[in-house]
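Here is the file final24.cif (mmCIF, C-alpha atoms).
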data_input
#
loop_
_atom_site.group_PDB
_atom_site.id
_atom_site.type_symbol
_atom_site.label_atom_id
_atom_site.label_comp_id
_atom_site.auth_asym_id
_atom_site.auth_seq_id
_atom_site.Cartn_x
_atom_site.Cartn_y
_atom_site.Cartn_z
ATOM 1 C CA MET A 449 -26.500 17.251 -20.515
ATOM 2 C CA THR A 450 -27.776 13.711 -19.969
ATOM 3 C CA GLN A 451 -25.639 11.753 -17.534
ATOM 4 C CA ALA A 452 -23.775 8.767 -18.944
ATOM 5 C CA ILE A 453 -24.797 6.799 -15.836
ATOM 6 C CA LYS A 454 -27.506 7.807 -13.380
ATOM 7 C CA VAL A 455 -28.244 5.737 -10.263
ATOM 8 C CA ARG A 456 -30.878 6.590 -7.670
ATOM 9 C CA LYS A 457 -31.714 4.807 -4.382
ATOM 10 C CA LEU A 458 -30.414 1.527 -5.752
ATOM 11 C CA CYS A 459 -30.736 -1.491 -3.464
ATOM 12 C CA LYS A 460 -29.974 -5.136 -4.075
ATOM 13 C CA TYR A 461 -30.676 -8.047 -1.730
ATOM 14 C CA TYR A 462 -29.803 -11.716 -2.076
ATOM 15 C CA GLY A 463 -32.202 -13.207 0.417
ATOM 16 C CA ASN A 464 -31.359 -11.492 3.689
ATOM 17 C CA VAL A 465 -27.937 -10.372 2.462
ATOM 18 C CA ARG A 466 -27.716 -6.715 1.446
ATOM 19 C CA ALA A 467 -25.360 -6.298 -1.507
ATOM 20 C CA LEU A 468 -26.157 -2.642 -2.307
ATOM 21 C CA ALA A 469 -27.755 -0.032 -0.066
ATOM 22 C CA ASP A 470 -29.306 3.197 -1.414
ATOM 23 C CA ILE A 471 -26.658 3.913 -4.038
ATOM 24 C CA ASP A 472 -26.871 7.396 -5.591
ATOM 25 C CA LEU A 473 -24.376 8.084 -8.356
ATOM 26 C CA ASP A 474 -24.045 10.369 -11.386
ATOM 27 C CA ILE A 475 -21.282 9.861 -13.957
ATOM 28 C CA ASP A 476 -21.027 12.557 -16.610
ATOM 29 C CA GLN A 477 -20.431 11.972 -20.282
ATOM 30 C CA GLY A 478 -16.732 11.931 -21.129
ATOM 31 C CA GLU A 479 -15.537 11.117 -17.608
ATOM 32 C CA PHE A 480 -12.829 8.611 -16.776
ATOM 33 C CA PHE A 481 -14.315 7.325 -13.532
ATOM 34 C CA ALA A 482 -12.974 4.824 -10.986
ATOM 35 C CA LEU A 483 -15.190 2.491 -8.969
ATOM 36 C CA LEU A 484 -13.074 1.127 -6.127
ATOM 37 C CA GLY A 485 -13.583 -1.053 -3.092
ATOM 38 C CA PRO A 486 -12.368 -4.207 -1.362
ATOM 39 C CA ASN A 487 -13.573 -7.642 -2.441
ATOM 40 C CA GLY A 488 -17.259 -8.026 -1.673
ATOM 41 C CA ALA A 489 -17.914 -4.273 -1.600
ATOM 42 C CA GLY A 490 -20.609 -4.498 -4.297
ATOM 43 C CA LYS A 491 -18.736 -3.247 -7.367
ATOM 44 C CA THR A 492 -19.549 -6.204 -9.611
ATOM 45 C CA THR A 493 -23.162 -6.257 -8.410
ATOM 46 C CA LEU A 494 -23.522 -2.589 -9.332
ATOM 47 C CA ILE A 495 -21.968 -3.187 -12.751
ATOM 48 C CA SER A 496 -24.239 -6.191 -13.352
ATOM 49 C CA ILE A 497 -27.326 -4.071 -12.663
ATOM 50 C CA ILE A 498 -26.099 -1.237 -14.898
ATOM 51 C CA ALA A 499 -25.457 -3.776 -17.663
ATOM 52 C CA GLY A 500 -28.886 -5.394 -17.234
ATOM 53 C CA LEU A 501 -27.383 -8.726 -16.166
ATOM 54 C CA SER A 502 -29.017 -8.527 -12.744
ATOM 55 C CA HIS A 503 -32.212 -6.878 -11.521
ATOM 56 C CA ALA A 504 -32.229 -4.381 -8.671
ATOM 57 C CA SER A 505 -34.416 -5.004 -5.650
ATOM 58 C CA SER A 506 -35.395 -1.324 -5.822
ATOM 59 C CA GLY A 507 -34.188 1.934 -7.297
ATOM 60 C CA PHE A 508 -33.472 3.368 -10.736
ATOM 61 C CA VAL A 509 -30.563 3.109 -13.189
ATOM 62 C CA SER A 510 -30.163 4.681 -16.616
ATOM 63 C CA VAL A 511 -27.443 4.605 -19.274
ATOM 64 C CA MET A 512 -27.325 7.678 -21.510
ATOM 65 C CA GLY A 513 -30.863 8.489 -20.401
ATOM 66 C CA HIS A 514 -32.273 5.004 -21.086
ATOM 67 C CA ASP A 515 -33.799 3.073 -18.183
ATOM 68 C CA VAL A 516 -31.971 -0.257 -17.905
ATOM 69 C CA THR A 517 -35.238 -2.031 -17.039
ATOM 70 C CA THR A 518 -37.919 -0.493 -19.245
ATOM 71 C CA GLN A 519 -35.586 0.493 -22.129
ATOM 72 C CA TYR A 520 -33.185 -2.407 -21.897
ATOM 73 C CA GLN A 521 -32.292 -2.672 -25.594
ATOM 74 C CA ASP A 522 -31.509 1.032 -25.942
ATOM 75 C CA ALA A 523 -29.523 1.057 -22.683
ATOM 76 C CA ARG A 524 -27.541 -2.034 -23.669
ATOM 77 C CA ARG A 525 -26.555 -0.532 -27.026
ATOM 78 C CA MET A 526 -25.036 2.422 -25.173
ATOM 79 C CA LEU A 527 -22.799 0.180 -23.076
ATOM 80 C CA GLY A 528 -19.753 -2.018 -23.534
ATOM 81 C CA VAL A 529 -18.641 -4.191 -20.618
ATOM 82 C CA VAL A 530 -15.343 -6.015 -20.141
ATOM 83 C CA PRO A 531 -16.059 -8.653 -17.450
ATOM 84 C CA GLN A 532 -13.616 -10.115 -14.963
ATOM 85 C CA GLU A 533 -14.236 -13.692 -16.113
ATOM 86 C CA LEU A 534 -12.680 -15.111 -19.262
ATOM 87 C CA VAL A 535 -15.844 -16.075 -21.148
ATOM 88 C CA PHE A 536 -15.381 -17.107 -24.788
ATOM 89 C CA ASP A 537 -16.670 -19.413 -27.513
ATOM 90 C CA PRO A 538 -13.920 -21.940 -28.346
ATOM 91 C CA PHE A 539 -15.183 -22.684 -31.861
ATOM 92 C CA PHE A 540 -14.361 -19.378 -33.589
ATOM 93 C CA THR A 541 -11.307 -17.341 -34.487
ATOM 94 C CA VAL A 542 -10.695 -13.874 -33.055
ATOM 95 C CA ARG A 543 -12.002 -12.132 -36.159
ATOM 96 C CA GLU A 544 -15.058 -14.391 -36.361
ATOM 97 C CA THR A 545 -15.793 -13.701 -32.695
ATOM 98 C CA LEU A 546 -15.765 -9.950 -33.284
ATOM 99 C CA ARG A 547 -17.915 -10.242 -36.419
ATOM 100 C CA ILE A 548 -20.465 -12.308 -34.494
ATOM 101 C CA GLN A 549 -20.422 -9.715 -31.707
ATOM 102 C CA SER A 550 -21.141 -7.032 -34.299
ATOM 103 C CA GLY A 551 -24.071 -9.096 -35.503
ATOM 104 C CA TYR A 552 -25.569 -9.143 -32.007
ATOM 105 C CA TYR A 553 -25.991 -5.383 -32.360
ATOM 106 C CA GLY A 554 -27.203 -5.536 -35.946
ATOM 107 C CA ILE A 555 -24.021 -3.962 -37.309
ATOM 108 C CA ARG A 556 -22.954 -5.020 -40.796
ATOM 109 C CA HIS A 557 -19.788 -4.194 -42.717
ATOM 110 C CA ASN A 558 -17.873 -3.457 -39.530
ATOM 111 C CA ASP A 559 -14.516 -4.825 -40.679
ATOM 112 C CA ASP A 560 -12.730 -1.454 -40.750
ATOM 113 C CA TRP A 561 -13.468 -0.828 -37.073
ATOM 114 C CA ILE A 562 -12.694 -4.461 -36.204
ATOM 115 C CA ASP A 563 -9.320 -4.096 -37.948
ATOM 116 C CA GLU A 564 -8.607 -0.947 -35.928
ATOM 117 C CA ILE A 565 -9.482 -2.624 -32.635
ATOM 118 C CA ILE A 566 -7.370 -5.670 -33.508
ATOM 119 C CA HIS A 567 -4.437 -3.404 -34.378
ATOM 120 C CA HIS A 568 -4.588 -1.267 -31.229
ATOM 121 C CA LEU A 569 -4.928 -4.289 -28.956
ATOM 122 C CA ASP A 570 -1.968 -6.027 -30.636
ATOM 123 C CA LEU A 571 -4.097 -8.910 -31.896
ATOM 124 C CA SER A 572 -3.149 -8.668 -35.572
ATOM 125 C CA ASP A 573 -1.043 -11.823 -35.588
ATOM 126 C CA LYS A 574 -3.808 -13.715 -33.757
ATOM 127 C CA ALA A 575 -6.781 -12.567 -35.860
ATOM 128 C CA GLN A 576 -7.186 -15.957 -37.551
ATOM 129 C CA THR A 577 -6.334 -17.987 -34.431
ATOM 130 C CA ASN A 578 -8.992 -20.081 -32.741
ATOM 131 C CA MET A 579 -10.036 -18.666 -29.368
ATOM 132 C CA ARG A 580 -9.216 -21.837 -27.454
ATOM 133 C CA ALA A 581 -5.599 -21.649 -28.647
ATOM 134 C CA LEU A 582 -5.019 -18.219 -27.099
ATOM 135 C CA SER A 583 -3.254 -17.518 -23.824
ATOM 136 C CA GLY A 584 -5.174 -16.012 -20.922
ATOM 137 C CA GLY A 585 -3.811 -12.547 -21.661
ATOM 138 C CA MET A 586 -4.801 -12.798 -25.335
ATOM 139 C CA LYS A 587 -8.298 -13.942 -24.405
ATOM 140 C CA ARG A 588 -8.639 -10.874 -22.197
ATOM 141 C CA ARG A 589 -7.643 -8.669 -25.131
ATOM 142 C CA VAL A 590 -10.454 -10.233 -27.150
ATOM 143 C CA LEU A 591 -12.931 -9.501 -24.320
ATOM 144 C CA VAL A 592 -11.918 -5.848 -24.513
ATOM 145 C CA ALA A 593 -12.339 -5.910 -28.288
ATOM 146 C CA GLN A 594 -15.813 -7.446 -27.970
ATOM 147 C CA ALA A 595 -16.890 -4.680 -25.607
ATOM 148 C CA LEU A 596 -15.761 -2.037 -28.113
ATOM 149 C CA VAL A 597 -16.998 -3.580 -31.335
ATOM 150 C CA HIS A 598 -20.293 -1.616 -31.452
ATOM 151 C CA LYS A 599 -18.601 1.700 -30.504
ATOM 152 C CA PRO A 600 -20.520 2.221 -27.252
ATOM 153 C CA PRO A 601 -20.417 5.711 -25.715
ATOM 154 C CA VAL A 602 -20.034 4.170 -22.232
ATOM 155 C CA ILE A 603 -17.400 1.507 -21.501
ATOM 156 C CA ILE A 604 -17.102 -0.418 -18.223
ATOM 157 C CA LEU A 605 -13.784 -2.130 -17.554
ATOM 158 C CA ASP A 606 -14.081 -4.603 -14.670
ATOM 159 C CA GLU A 607 -10.514 -5.520 -13.651
ATOM 160 C CA PRO A 608 -9.317 -5.416 -17.296
ATOM 161 C CA THR A 609 -5.607 -5.848 -16.528
ATOM 162 C CA ALA A 610 -5.842 -8.565 -13.867
ATOM 163 C CA GLY A 611 -3.183 -11.163 -14.599
ATOM 164 C CA VAL A 612 -1.993 -9.663 -17.882
ATOM 165 C CA ASP A 613 1.481 -8.643 -18.946
ATOM 166 C CA VAL A 614 2.906 -5.141 -18.977
ATOM 167 C CA ALA A 615 2.814 -4.873 -22.784
ATOM 168 C CA LEU A 616 -0.932 -5.517 -22.912
ATOM 169 C CA ARG A 617 -1.563 -3.130 -20.039
ATOM 170 C CA GLN A 618 0.268 -0.317 -21.788
ATOM 171 C CA ALA A 619 -1.373 -0.991 -25.154
ATOM 172 C CA LEU A 620 -4.812 -1.188 -23.571
ATOM 173 C CA TRP A 621 -4.457 2.106 -21.709
ATOM 174 C CA ARG A 622 -3.145 3.910 -24.795
ATOM 175 C CA PHE A 623 -6.237 2.808 -26.705
ATOM 176 C CA ILE A 624 -8.663 3.510 -23.854
ATOM 177 C CA ARG A 625 -7.190 6.983 -23.301
ATOM 178 C CA ARG A 626 -7.721 7.696 -26.969
ATOM 179 C CA LEU A 627 -11.356 6.598 -26.741
ATOM 180 C CA ASN A 628 -11.824 8.824 -23.691
ATOM 181 C CA ARG A 629 -10.308 11.808 -25.513
ATOM 182 C CA ASN A 630 -12.810 11.155 -28.304
ATOM 183 C CA GLY A 631 -15.684 11.502 -25.843
ATOM 184 C CA HIS A 632 -16.290 7.958 -24.568
ATOM 185 C CA THR A 633 -17.150 7.605 -20.901
ATOM 186 C CA ILE A 634 -14.883 5.090 -19.161
ATOM 187 C CA ILE A 635 -15.711 3.389 -15.852
ATOM 188 C CA LEU A 636 -12.880 1.386 -14.335
ATOM 189 C CA THR A 637 -12.745 -1.059 -11.459
ATOM 190 C CA THR A 638 -9.280 -2.190 -10.480
ATOM 191 C CA HIS A 639 -7.173 -3.340 -7.555
ATOM 192 C CA TYR A 640 -4.184 -1.592 -9.147
ATOM 193 C CA LEU A 641 -4.798 1.782 -7.512
ATOM 194 C CA GLU A 642 -1.887 3.399 -9.315
ATOM 195 C CA GLU A 643 -3.806 2.804 -12.558
ATOM 196 C CA ALA A 644 -6.871 4.561 -11.187
ATOM 197 C CA GLU A 645 -4.770 7.473 -9.910
ATOM 198 C CA LEU A 646 -3.019 7.873 -13.253
ATOM 199 C CA LEU A 647 -6.061 7.503 -15.496
ATOM 200 C CA CYS A 648 -9.202 8.636 -13.686
ATOM 201 C CA ASN A 649 -10.628 12.015 -12.734
ATOM 202 C CA ARG A 650 -13.168 11.026 -10.063
ATOM 203 C CA VAL A 651 -13.619 8.027 -7.836
ATOM 204 C CA ALA A 652 -16.394 6.382 -5.840
ATOM 205 C CA MET A 653 -15.265 4.041 -3.069
ATOM 206 C CA LEU A 654 -17.646 1.297 -1.954
ATOM 207 C CA LYS A 655 -17.653 -0.696 1.231
ATOM 208 C CA GLN A 656 -20.272 -3.243 2.280
ATOM 209 C CA GLY A 657 -22.652 -2.113 -0.444
ATOM 210 C CA SER A 658 -22.509 1.622 0.291
ATOM 211 C CA ILE A 659 -20.575 4.528 -1.226
ATOM 212 C CA VAL A 660 -18.284 5.804 1.530
ATOM 213 C CA THR A 661 -16.649 8.561 -0.506
ATOM 214 C CA LEU A 662 -17.192 10.242 -3.873
ATOM 215 C CA ASP A 663 -14.822 12.964 -5.025
ATOM 216 C CA SER A 664 -12.100 13.877 -7.469
ATOM 217 C CA ILE A 665 -8.857 12.001 -6.985
ATOM 218 C CA GLN A 666 -7.010 15.314 -6.752
ATOM 219 C CA ASN A 667 -9.210 16.474 -3.873
ATOM 220 C CA LEU A 668 -8.902 13.186 -2.017
ATOM 221 C CA ILE A 669 -5.114 13.215 -2.197
ATOM 222 C CA SER A 670 -4.879 16.930 -1.349
ATOM 223 C CA ASP A 671 -7.092 16.451 1.703
ATOM 224 C CA CYS A 672 -4.981 13.593 3.012
ATOM 225 C CA THR A 673 -2.907 14.782 5.984
ATOM 226 C CA HIS A 674 -0.124 12.239 5.526
ATOM 227 C CA GLN A 675 2.259 14.393 3.537
ATOM 228 C CA SER A 676 5.875 14.506 4.648
ATOM 229 C CA LEU A 677 9.174 16.166 3.890
ATOM 230 C CA ARG A 678 12.352 14.080 3.715
ATOM 231 C CA LEU A 679 15.495 16.084 4.452
ATOM 232 C CA ARG A 680 19.228 15.467 4.681
ATOM 233 C CA LEU A 681 20.805 18.362 6.531
ATOM 234 C CA SER A 682 24.318 19.626 7.197
ATOM 235 C CA SER A 683 23.837 18.569 10.827
ATOM 236 C CA ALA A 684 21.978 15.732 12.521
ATOM 237 C CA THR A 685 20.603 18.216 15.067
ATOM 238 C CA LEU A 686 17.132 19.475 14.200
ATOM 239 C CA PRO A 687 15.982 22.901 15.460
ATOM 240 C CA ALA A 688 13.797 22.581 18.568
ATOM 241 C CA GLU A 689 10.857 24.339 16.897
ATOM 242 C CA LEU A 690 10.637 21.502 14.351
ATOM 243 C CA HIS A 691 10.667 18.623 16.851
ATOM 244 C CA GLU A 692 6.870 18.379 16.929
ATOM 245 C CA GLN A 693 6.846 17.726 13.178
ATOM 246 C CA LEU A 694 9.523 15.031 13.302
ATOM 247 C CA ILE A 695 8.218 11.619 12.300
ATOM 248 C CA SER A 696 11.523 9.765 12.261
ATOM 249 C CA TYR A 697 15.284 10.100 11.856
ATOM 250 C CA SER A 698 17.125 7.314 10.050
ATOM 251 C CA ASP A 699 20.316 6.955 7.985
ATOM 252 C CA GLY A 700 20.951 10.696 8.146
ATOM 253 C CA TYR A 701 17.468 11.669 6.945
ATOM 254 C CA HIS A 702 14.828 13.593 8.891
ATOM 255 C CA LEU A 703 11.222 12.876 8.002
ATOM 256 C CA LEU A 704 8.926 15.773 8.917
ATOM 257 C CA ARG A 705 5.143 15.849 8.872
ATOM 258 C CA ILE A 706 3.559 18.675 6.866
ATOM 259 C CA ASN A 707 -0.127 19.444 6.448
ATOM 260 C CA SER A 708 0.219 21.404 3.206
ATOM 261 C CA PHE A 709 2.820 22.579 0.733
ATOM 262 C CA PHE A 710 2.643 26.045 2.286
ATOM 263 C CA GLU A 711 4.452 24.682 5.370
ATOM 264 C CA ILE A 712 7.570 23.863 3.350
ATOM 265 C CA ALA A 713 8.646 27.504 3.174
ATOM 266 C CA ALA A 714 8.235 27.841 6.952
ATOM 267 C CA VAL A 715 10.361 24.723 7.548
ATOM 268 C CA LEU A 716 13.116 26.012 5.249
ATOM 269 C CA ASN A 717 13.086 29.412 6.964
ATOM 270 C CA LYS A 718 13.546 27.770 10.384
ATOM 271 C CA LEU A 719 16.421 25.694 9.072
ATOM 272 C CA ARG A 720 18.085 28.733 7.537
ATOM 273 C CA ASP A 721 17.662 30.742 10.765
ATOM 274 C CA SER A 722 19.384 27.883 12.612
ATOM 275 C CA GLY A 723 22.314 27.976 10.208
ATOM 276 C CA LEU A 724 21.539 24.573 8.692
ATOM 277 C CA GLN A 725 21.968 23.768 5.033
ATOM 278 C CA VAL A 726 19.591 21.466 3.140
ATOM 279 C CA LEU A 727 21.673 18.902 1.260
ATOM 280 C CA GLU A 728 18.727 16.881 -0.059
ATOM 281 C CA MET A 729 14.987 17.410 0.011
ATOM 282 C CA LYS A 730 12.091 15.306 -1.192
ATOM 283 C CA ILE A 731 8.363 15.829 -0.795
ATOM 284 C CA ILE A 732 6.622 12.532 -0.081
ATOM 285 C CA GLN A 733 3.014 13.015 -1.071
ATOM 286 C CA SER A 734 0.102 10.749 -0.315
ATOM 287 C CA ASP A 735 -1.180 8.615 -3.148
ATOM 288 C CA LEU A 736 -4.549 7.061 -3.875
ATOM 289 C CA GLU A 737 -3.581 3.781 -2.219
ATOM 290 C CA GLU A 738 -2.913 5.550 1.082
ATOM 291 C CA VAL A 739 -6.163 7.494 0.766
ATOM 292 C CA PHE A 740 -8.041 4.257 0.050
ATOM 293 C CA VAL A 741 -6.579 2.460 3.063
ATOM 294 C CA ASN A 742 -7.276 5.423 5.355
ATOM 295 C CA ILE A 743 -10.884 5.717 4.212
ATOM 296 C CA MET A 744 -11.558 1.999 4.564
ATOM 297 C CA GLN A 745 -9.998 1.890 8.036
ATOM 298 C CA HIS A 746 -11.841 5.027 9.135
ATOM 299 C CA ASP A 747 -15.125 3.552 7.920
ATOM 300 C CA GLU A 748 -14.466 0.355 9.866
ATOM 301 C CA ALA A 749 -13.613 2.308 13.024
ATOM 302 C CA GLY A 750 -16.734 4.418 12.672
ATOM 303 C CA SER A 751 -18.966 1.383 12.292
ATOM 304 C CA ILE A 752 -17.771 -0.455 15.400
#
Let me see the file written as structure tokens.
Amino acid sequence: MTQAIKVRKLCKYYGNVRALADIDLDIDQGEFFALLGPNGAGKTTLISIIAGLSHASSGFVSVMGHDVTTQYQDARRMLGVVPQELVFDPFFTVRETLRIQSGYYGIRHNDDWIDEIIHHLDLSDKAQTNMRALSGGMKRRVLVAQALVHKPPVIILDEPTAGVDVALRQALWRFIRRLNRNGHTIILTTHYLEEAELLCNRVAMLKQGSIVTLDSIQNLISDCTHQSLRLRLSSATLPAELHEQLISYSDGYHLLRINSFFEIAAVLNKLRDSGLQVLEMKIIQSDLEEVFVNIMQHDEAGSI
């Protein structure tokens, strides 16, 4: 199967500044993929090259098998991009904006799909409103609608929920999930890591223009060693054989370090053998934010 996105040995320089360094990346059709990294990591530069808005210094990029340089028109038709910036034409209504966007791709009689997009993004009561009269959150909804108007198989969302309200965020993700279930490839950049953890299957993390990790979110979280077990026991005294695992004791709760879920049974057996009852127990599992911070700090330590 042709990859939705294929990147090989991609480099980008701005003068003497290296923005991207030998990026290799494959994103399969139908994936919900996260592209994460701190500010200045190169995420937007990579997206700009994929979208044909910037030229690579060297390397190769294709969208649905179409080279973004030599087959630009075909590649661009395969792609919808929601940018970070609020860019809009102030002289048209929402519906007119989407009809014009359809025209850019040579699509006529697209009103049924435009109506569906407007409905799912909760823009129905603003369809005849001039763009300049919209709030920032409403303008961002229209940017999402513009990216979807030609039904692209690959959709890039660059910080789509930055500065928007909870209602829009929920409506947007319901619609995007539906598109993903229907086979659309979704690529998300976000600083809300809980969104990426909830929505995405795989993640690439960038730092200083390089990919420092590429794996499934499930694997990254499972491999993280910072799992812990929070216990309230019938006694404040912990068995001696568990002292090495003790992280802290506070307000009647013991916090124990565990390396895997398999260790929980061993901990409970030791407590039972000591005659202690477990009054409360909670597994505190690592999340993507903790994984992200650990990877970025490890990369910094390794580069010093």
* Report as number ranges by chain the full result of the PyMOL selection byres ((chain A and resi 721-733) around 6) when it is applied to this structure. => A: 675-682, 718-720, 734
For the residues selected in the previous step, produce a file with C-alpha atoms as a short mmCIF file (atom, residue, chain, number, x, y, z; two decimals), in the coordinates of the input.
data_model
loop_
_atom_site.label_atom_id
_atom_site.label_comp_id
_atom_site.auth_asym_id
_atom_site.auth_seq_id
_atom_site.Cartn_x
_atom_site.Cartn_y
_atom_site.Cartn_z
CA GLN A 675 2.26 14.39 3.54
CA SER A 676 5.88 14.51 4.65
CA LEU A 677 9.17 16.17 3.89
CA ARG A 678 12.35 14.08 3.72
CA LEU A 679 15.50 16.08 4.45
CA ARG A 680 19.23 15.47 4.68
CA LEU A 681 20.80 18.36 6.53
CA SER A 682 24.32 19.63 7.20
CA LYS A 718 13.55 27.77 10.38
CA LEU A 719 16.42 25.69 9.07
CA ARG A 720 18.08 28.73 7.54
CA SER A 734 0.10 10.75 -0.32
#
* To do: Taking the file above as input, evaluate the PyMOL selection byres ((chain A and resi 615) around 12) and report the hits as an MDAnalysis selection string.
  => chainID A and resid 568:570 585:586 589 609 611:614 616:622
* Quick one: everything within 9 Å of Glu737 in chain A, counting only C-alpha atoms, minus sequence neighbours fewer than 2 positions away in the same chain. Send it as a list in words. => Tyr640, Leu641, Glu642, Glu645, Ser734, Asp735, Val739, Phe740, Val741 and Asn742 of chain A
* Asked: Which is closer to Ser506 in chain A than all the others in A:Lys457, A:Ser550, A:Ile695, A:Asp537, using only C-alpha atoms?
  ->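 Ranked by minimum distance to Ser506 in chain A, first place goes to A:Lys457.
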Would you give me, as a Markdown table, each residue of range 522-603 of chain A having an atom within 10 Å of an atom of range 467-485 of chain A, along with its shortest atom pair and that distance in Å to one decimal, using all atoms listed in the file and sorting by chain and residue number?
| residue | atom | partner | partner_atom | distance |
| --- | --- | --- | --- | --- |
| A:Pro601 | CA | A:Gln477 | CA | 8.3 |
| A:Val602 | CA | A:Gln477 | CA | 8.1 |
| A:Ile603 | CA | A:Phe480 | CA | 9.7 |
* Could you please determine the separation between CA of Ile635 in chain A and CA of Asp522 in chain A in Å, to one decimal place? => 18.9 Å
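Distance annotation: of A:Leu494, A:Ile453, A:Ile743, A:Leu690, the residue with the minimal separation from Leu716 in chain A is A:Leu690; atom set is all atoms listed in the file.
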* Asked: When you draw a straight line from CA of Ile634 in chain A to CA of Ala452 in chain A, how long is it in Å?
  -> 9.6 Å
* Using all atoms listed in the file, which of A:Thr518, A:Thr545, A:Thr638, A:Ser502 sits nearest Asn487 in chain A? -> A:Thr638
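Distance-wise, CA of Ala489 in chain A and CA of Arg650 in chain A end up 18.1 Å apart.
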* What residues have an atom no more than 9 Å from (-9.3, -23.0, -24.2) in the file's own frame, counting all atoms listed in the file, and can you write them as a VMD selection string? -> chain A and resid 536 to 538 579 to 584
Around range 520-532 of chain A, fit a box with edges along x, y and z, padding it by 8 Å on each side, then list its centre and edge lengths in Å to one decimal as AutoDock Vina command-line options.
--center_x -23.4 --center_y -3.8 --center_z -21.0 --size_x 35.6 --size_y 28.5 --size_z 28.1
* To do: Kindly resolve the PyMOL selection byres ((chain A and resi 670) around 10) on the present coordinates and return the residues as a VMD selection string.
  => chain A and resid 664 to 669 671 to 675 707 to 709 733 to 735 739
